[in-house]
Each structure stands twice: as structure tokens, then as C-alpha cells.
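Reviewing the structure listed below.
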Amino acid sequence: MSYGCAYCRVIEPVLQQVAEIVKSEERIFRVNVAVERELAGSYDIQSTPTLVMFLNGREVGRVEGPNPTVASVLTAMTQAFGS
Amino acid sequence: MTKPILLFNDECGVCRRLARWVGRSGLNGSGEASIVEQPIGDDPDALRLINLDLDIWDAYATIHLVMPDGSMKLGGEAVAEVLRNLQNTKWFAWIFAISLFGIRPFQVVLNMAYAVLASIRPLLGCESCGTPSVWMRPMVWAMKRARAMFGGSRDAIPLRHFTPQSAAEGRPPPAAGPLPPKAVTVTPRHSR
């Protein structure tokens with residue numbers, strides 16, 4: 001994410017709701033790519049917001065610019081972690 | 001605080017250039033600035049020290065001018081106030097206060113001009129504006145293609161969308177420990 005990204009602002013409350021829903025099983029973190037440029041580069045972040053899902057330290061999926069709805073984000077996570 | 005503080009997005013080339021122009025234009029004869037320009041930064045708490053009502057997302061979304069009395073002017077209103085404070089623009093900035101039948105026509109035009117400028121920032125060189133709004137995307141796409149064709153190498157590859165299982169071979173594993181550096185846990189607002 002980046003604070004300067006309007007789309008990130010839209011999806012922020014959605015991520016908060018998702019974090020509340022999945023808090024017993026998963027944790028959601030946000031990284032400011034405007035600050036952590038090296039980290040963003042190492043994960044090949046091309047645009048914001050990008051959701052990257054990790055399982056046991058391995059990336060299992062990512063979504064760029066997801067629809068800013070709880071259902072959409074949850075679906076993306078389910079697909080990533082279920083695969 | 002005795003001078004207005006202009007908060008600007010330091011990650012945005014357009015905003016940076018405008019802030020520098022304000023800084024230069026705001027100097028009076030004795031070299032004293034009439035407006036303090038301050039990058040918004042990335043610390044929401046530091047921003048609240050300036051004004052408790054300042055929200056970092058809002059600050060990045062639209063221009064904020066924090067007045068010495070603690071009030072804030074936003075968007076076109078902030079631009080008008082900045083122009084009123086600069087030596088070389090205050091001679092015409094009074095027009096934004098002209099009111100006809102309860103409407104300030106010049107201020108309305110300025111508000112619209114600001115909204116358009118804010119929307120096209122990704123085209124003008126905003127490195128941190130993220131995914132542009134829907135109506136801007138064809139233009140951004142065309143600009144990227146043009147750059148790729150005429151020698152610019154920046155981001156010539158189209159953006160990918162929804163690519164589960166896209167873990168590229170060779171991509172390094174997450175940083176040691178559960179959190180990458182400066183990662184912030186997303187928590188519901190009510191629990192903060």
C-alpha cells in the first residue's frame with residue numbers, strides 16, 4: 001500500500017473488516033511501498049494495492065487492485081490458501 | 001505555530017514541485033517564509049501532533065493547509081489561501097473571495113481545477129498515487145505504451161491482475177521473522 005494511493009484508501013476499511021473476520025487464523029499486515037522500496041522491489045510489487053498471501057513463509061497467491069469488498073478479498077484469500 | 005503549514009505529498013513529483021514553488025514564492029524581502037511546507041511523511045501519529053483532526057489518508061488525498069489558529073483549509077480553499085499568502089500572487093487572490101448570490105464563482109472554478117489536477121497526477125509524475133482512477137486508466141496505459149515505444153523504459157509491462165500461484169521462481173522468502181520491516185498490522189479502528 002501507499003498512503004498516496006486513493007485505491008488503497010478505499011480498501012483500507014475493507015481490510016480492517018477482513019482482519020477482524022480472519023483474526024483467529026490469519027494476520028494481515030500492510031507495508032508502505034513508498035517507504036519500503038527495496039522490499040517492494042524484492043517482491044516485484046508493480047502497483048498498489050497489492051495483496052500478497054503467504055503460507056508457511058511461501059507466497060501462495062497475490063491480487064493486484066482487488067475489488068474493495070470484503071467478499072472479494074476473502075475469496076482471493078480462500079483461493080490462495082485453499083490451493 | 002505562527003505561520004500556515006502546507007502539507008504535501010513528498011512521494012509525488014507534481015506535489016513536490018508545487019511545494020518548492022510555494023517555498024520560493026513565499027519568501028519575503030528579508031528571506032522569511034510566509035508559509036511552512038512540510039512533507040506528510042508516513043507516520044500518522046506525527047501528523048496528529050500538528051492537528052488532532054489530521055488523518056494521514058485524508059492528507060494524502062487532498063491538499064491540507066493548517067492555519068495558525070488550528071483550523072484547516074482543504075483542496076481549492078487551501079490553494080486560494082496559499083495564493084493569498086504569497087508575495088507574487090496575493091494581488092489577484094482576492095478574486096476567490098468574491099461572492100455573487102452566495103456563490104463564489106472563482107473559488108468554484110479553482111476547486112474544479114484542483115480536482116482535475118489531483119486526478120491527473122499519475123500522468124504528471126506522481127510516483128506514489130497507486131492505481132489510477134478508472135477514467136484515467138486508458139490515458140495511463142497510452143502513456144506507458146508511448147514511453148515504451150519512444151525510448152522510455154519505465155514500466156513498459158502491462159500490469160497483471162489476480163494471479164494466484166504467481167510466486168515467481170527465485171523470489172526471496174519473506175524477511176526473517178513474522179513481520180517484514182515496518183509492516184503494520186491491519187487492525188479494526190475501534191480496537192486501536
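Letters A, B, ... mark the chains of the C-alpha cells in the order given; residue numbers begin at 1 per chain; ligand numbers begin at 1, in order shown.
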From a DSSP pass on the backbone, collect the residues of chain A flagged as strand (DSSP E) and hand them back as a list in words.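 DSSP on the backbone gives strand (DSSP E) at Phe29, Arg30, Thr50, Leu51, Val52, Met53, Phe54, Leu55, Arg58, Glu59, Val60, Gly61, Arg62, Val63 and Glu64 of chain A.
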Any chance you could list, as a PyMOL selection string, the residues in chain A that come up helix (DSSP H, G or I) when DSSP is run on the backbone? chain A and resi 6-21+37-42+70-82
Quick check: residues of chain A within 8 Å of chain B, only C-alpha atoms, returned as a PyMOL selection string. chain A and resi 2-9+13+15-17+19-20+27-32+34-36+42-43+46-49+57-66+79-80
Rounded to one decimal, what separation in Å do you get between atom CA of B:Met72 and atom CA of B:Leu47?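 Distance reported for this atom pair: 13.1 Å.
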What is the distance, in Å and to one decimal place, between atom CA of B:Val14 and atom CA of B:Phe150? 22.6 Å
